[in-house]
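**Q** This is the structure, below, for whatever I ask next.
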Amino acid sequence: MGKIVYLMGKSSTGKDTIFKKLLEDKSLALKNIVPYTTRPIRGGEKDGQEYFFTDEEGYGKLKEQGRIIEERAYRTFHGLWRYFTVDDGQVCSREQNYLAIGTLESYVKLKDYFGADRMLPVMIELDDGIRLKRALHREMAQESPRYEEMCRRFLADSEDFAEDKIREAGIETRFCNDDLDRCLQQIRQYIAENTETG
């Protein structure tokens, strides 16, 4: 049975970079599960790559159709932003290994939907000081920096990734991204050891 490798961690731990590197690794043969969001697209992002970008109307239609697997809503300094996973045919094979990225909360909901035996959690960690520096650097590079939102997300991470929640989710293995190459090597080995086609 194929696995859904689920990448998660606090903001600015390097998840996006690791996600892209894992997708590029042909030996892992992972197929991307693209989530949806109503937040504005950032510089360098492409619709259908990092996210499917939609609006409240698009979200409402999917909700009405009963196709939303899991969802999170954040009241940001720039309005309500939704992030959600849709049953849209992306996960169509029980033999294929997939790769998804999200939060601890979304991981738990996908585990409930697809079954614990289908899920392979990959928790990325990094020192808070380094994360804050990375977040600030990334935000400064945006055409319209959103510093208030950056700070809100940073503070919310402490609650969202509390140790008791990590334990309740059944996550035992974690990967420290203080050295990208070493972290990637450890994650690749972990995926290969825990998937049938790895």
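FYI, nothing fancy with the structure tokens labels: chains A, B, ... in order, residues from 1 per chain, ligands from 1 as they appear.
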According to DSSP computed on the backbone, where in range 121-177 of chain A is there strand (DSSP E or B)? Give the residues as a PDB file with N, CA and C atoms, in the first residue's frame.

**A**
ATOM      1  N   PRO A 121       4.266  10.481   8.790  1.00  0.00           N
ATOM      2  CA  PRO A 121       4.548  11.860   9.205  1.00  0.00           C
ATOM      3  C   PRO A 121       6.040  12.183   9.178  1.00  0.00           C
ATOM      4  N   VAL A 122       6.356  13.390   8.689  1.00  0.00           N
ATOM      5  CA  VAL A 122       7.733  13.888   8.684  1.00  0.00           C
ATOM      6  C   VAL A 122       7.712  15.263   9.353  1.00  0.00           C
ATOM      7  N   MET A 123       8.133  15.318  10.615  1.00  0.00           N
ATOM      8  CA  MET A 123       8.128  16.546  11.395  1.00  0.00           C
ATOM      9  C   MET A 123       9.488  17.229  11.301  1.00  0.00           C
ATOM     10  N   ILE A 124       9.494  18.479  10.800  1.00  0.00           N
ATOM     11  CA  ILE A 124      10.715  19.265  10.663  1.00  0.00           C
ATOM     12  C   ILE A 124      10.814  20.245  11.829  1.00  0.00           C
ATOM     13  N   GLU A 125      11.985  20.327  12.439  1.00  0.00           N
ATOM     14  CA  GLU A 125      12.195  21.240  13.558  1.00  0.00           C
ATOM     15  C   GLU A 125      13.418  22.112  13.314  1.00  0.00           C
ATOM     16  N   ARG A 174      11.443  12.889  14.471  1.00  0.00           N
ATOM     17  CA  ARG A 174      11.547  14.291  14.076  1.00  0.00           C
ATOM     18  C   ARG A 174      12.897  14.521  13.396  1.00  0.00           C
ATOM     19  N   PHE A 175      12.942  15.561  12.561  1.00  0.00           N
ATOM     20  CA  PHE A 175      14.147  15.863  11.800  1.00  0.00           C
ATOM     21  C   PHE A 175      14.531  17.327  11.998  1.00  0.00           C
ATOM     22  N   CYS A 176      15.765  17.565  12.462  1.00  0.00           N
ATOM     23  CA  CYS A 176      16.250  18.923  12.693  1.00  0.00           C
ATOM     24  C   CYS A 176      16.893  19.453  11.412  1.00  0.00           C
TER      25      CYS A 176
END

**Q** Residues of range 33-115 of chain A that approach range 136-156 of chain A to 10 Å or less, counting only C-alpha atoms: could you list each one with the shortest pair of atoms and its distance in Å to one decimal, rows by chain and increasing residue number, as a Markdown table?

**A**
| residue | atom | partner | partner_atom | distance |
| --- | --- | --- | --- | --- |
| A:Arg42 | CA | A:Gln142 | CA | 7.4 |
| A:Gly43 | CA | A:Gln142 | CA | 6.4 |
| A:Gly44 | CA | A:Gln142 | CA | 9.4 |
| A:Tyr74 | CA | A:Arg153 | CA | 9.4 |
| A:Arg75 | CA | A:Glu149 | CA | 9.6 |
| A:Thr76 | CA | A:Glu149 | CA | 6.1 |
| A:Phe77 | CA | A:Glu149 | CA | 5.8 |
| A:His78 | CA | A:Glu149 | CA | 7.7 |

**Q** Next, write the just-selected residues to a file, as a PDB file, in the first residue's frame, keeping C-alpha atoms as the atom set.

**A**
ATOM      1  CA  ARG A  42       3.112  35.378  -2.797  1.00  0.00           C
ATOM      2  CA  GLY A  43       5.921  36.417  -5.099  1.00  0.00           C
ATOM      3  CA  GLY A  44       7.452  33.362  -6.781  1.00  0.00           C
ATOM      4  CA  TYR A  74      -6.855  31.989  10.354  1.00  0.00           C
ATOM      5  CA  ARG A  75      -7.970  35.503  11.221  1.00  0.00           C
ATOM      6  CA  THR A  76      -4.914  37.374  10.017  1.00  0.00           C
ATOM      7  CA  PHE A  77      -4.084  41.059  10.006  1.00  0.00           C
ATOM      8  CA  HIS A  78      -5.187  41.007   6.358  1.00  0.00           C
TER       9      HIS A  78
END

**Q** Give me, as a tab-separated table, each residue of range 10-86 of chain A that comes within 12 Å of range 103-115 of chain A, together with its shortest interatomic pair and the distance in Å at one decimal, counting only C-alpha atoms, with rows ordered by chain and rising residue number.

**A**
residue	atom	partner	partner_atom	distance
A:Lys10	CA	A:Thr103	CA	7.9
A:Ser11	CA	A:Thr103	CA	9.4
A:Lys15	CA	A:Thr103	CA	10.7
A:Ile33	CA	A:Leu110	CA	11.8
A:Pro35	CA	A:Ser106	CA	10.5
A:Arg67	CA	A:Tyr113	CA	11.9
A:Ile68	CA	A:Tyr113	CA	10.7
A:Ile69	CA	A:Leu110	CA	7.1
A:Glu70	CA	A:Lys109	CA	5.9
A:Glu71	CA	A:Ser106	CA	7.1
A:Arg72	CA	A:Ser106	CA	7.7
A:Ala73	CA	A:Ser106	CA	11.4
A:Tyr83	CA	A:Ser106	CA	9.3
A:Phe84	CA	A:Ser106	CA	8.2
A:Thr85	CA	A:Ser106	CA	8.3
A:Val86	CA	A:Leu110	CA	10.5

**Q** Keeping N, CA and C atoms, export the residues of the selection given above as an mmCIF file, in the first residue's frame.

**A**
data_model
loop_
_atom_site.group_PDB
_atom_site.id
_atom_site.type_symbol
_atom_site.label_atom_id
_atom_site.label_comp_id
_atom_site.auth_asym_id
_atom_site.auth_seq_id
_atom_site.Cartn_x
_atom_site.Cartn_y
_atom_site.Cartn_z
ATOM 1 N N LYS A 10 6.834 23.960 12.210
ATOM 2 C CA LYS A 10 6.549 25.373 12.415
ATOM 3 C C LYS A 10 6.971 26.181 11.191
ATOM 4 N N SER A 11 6.496 27.416 11.103
ATOM 5 C CA SER A 11 6.849 28.270 9.973
ATOM 6 C C SER A 11 8.350 28.522 9.931
ATOM 7 N N LYS A 15 10.444 23.831 5.377
ATOM 8 C CA LYS A 15 9.564 22.800 4.822
ATOM 9 C C LYS A 15 9.427 22.903 3.307
ATOM 10 N N ILE A 33 0.532 16.246 -3.533
ATOM 11 C CA ILE A 33 -0.858 16.586 -3.219
ATOM 12 C C ILE A 33 -0.882 18.097 -2.973
ATOM 13 N N PRO A 35 -2.522 21.451 -1.797
ATOM 14 C CA PRO A 35 -3.633 21.976 -0.990
ATOM 15 C C PRO A 35 -4.220 23.246 -1.608
ATOM 16 N N ARG A 67 -16.641 18.195 -0.481
ATOM 17 C CA ARG A 67 -15.364 17.693 -0.983
ATOM 18 C C ARG A 67 -14.159 18.099 -0.137
ATOM 19 N N ILE A 68 -14.374 18.876 0.920
ATOM 20 C CA ILE A 68 -13.258 19.319 1.757
ATOM 21 C C ILE A 68 -12.957 18.262 2.817
ATOM 22 N N ILE A 69 -11.722 17.763 2.795
ATOM 23 C CA ILE A 69 -11.283 16.728 3.734
ATOM 24 C C ILE A 69 -10.939 17.348 5.088
ATOM 25 N N GLU A 70 -10.190 18.421 5.047
ATOM 26 C CA GLU A 70 -9.792 19.127 6.267
ATOM 27 C C GLU A 70 -9.615 20.594 5.920
ATOM 28 N N GLU A 71 -9.792 21.442 6.941
ATOM 29 C CA GLU A 71 -9.658 22.874 6.702
ATOM 30 C C GLU A 71 -9.231 23.594 7.961
ATOM 31 N N ARG A 72 -8.519 24.679 7.752
ATOM 32 C CA ARG A 72 -8.113 25.562 8.835
ATOM 33 C C ARG A 72 -8.385 26.987 8.396
ATOM 34 N N ALA A 73 -8.814 27.837 9.320
ATOM 35 C CA ALA A 73 -9.083 29.236 9.014
ATOM 36 C C ALA A 73 -8.333 30.099 10.017
ATOM 37 N N TYR A 83 -7.023 27.532 4.589
ATOM 38 C CA TYR A 83 -6.163 26.511 3.996
ATOM 39 C C TYR A 83 -6.935 25.206 4.094
ATOM 40 N N PHE A 84 -6.975 24.433 3.014
ATOM 41 C CA PHE A 84 -7.764 23.202 3.068
ATOM 42 C C PHE A 84 -7.310 22.183 2.028
ATOM 43 N N THR A 85 -7.647 20.937 2.307
ATOM 44 C CA THR A 85 -7.358 19.820 1.406
ATOM 45 C C THR A 85 -8.675 19.340 0.832
ATOM 46 N N VAL A 86 -8.684 19.111 -0.471
ATOM 47 C CA VAL A 86 -9.916 18.754 -1.173
ATOM 48 C C VAL A 86 -9.814 17.338 -1.744
#

**Q** Fewer than 6 positions away in the same chain doesn't count, so skip those; otherwise give me all residues within 12 Å of Glu57 in chain A, counting only C-alpha atoms, as a ChimeraX atom specification.

**A** /A:37-38,63-64,82

**Q** Given the choices A:Gly9, A:Gly129, A:Gly79, A:Gly89, which gets closest to Asn32 in chain A if the distance is worked out from only C-alpha atoms?

**A**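 Smallest distance to Asn32 in chain A is found for A:Gly89.
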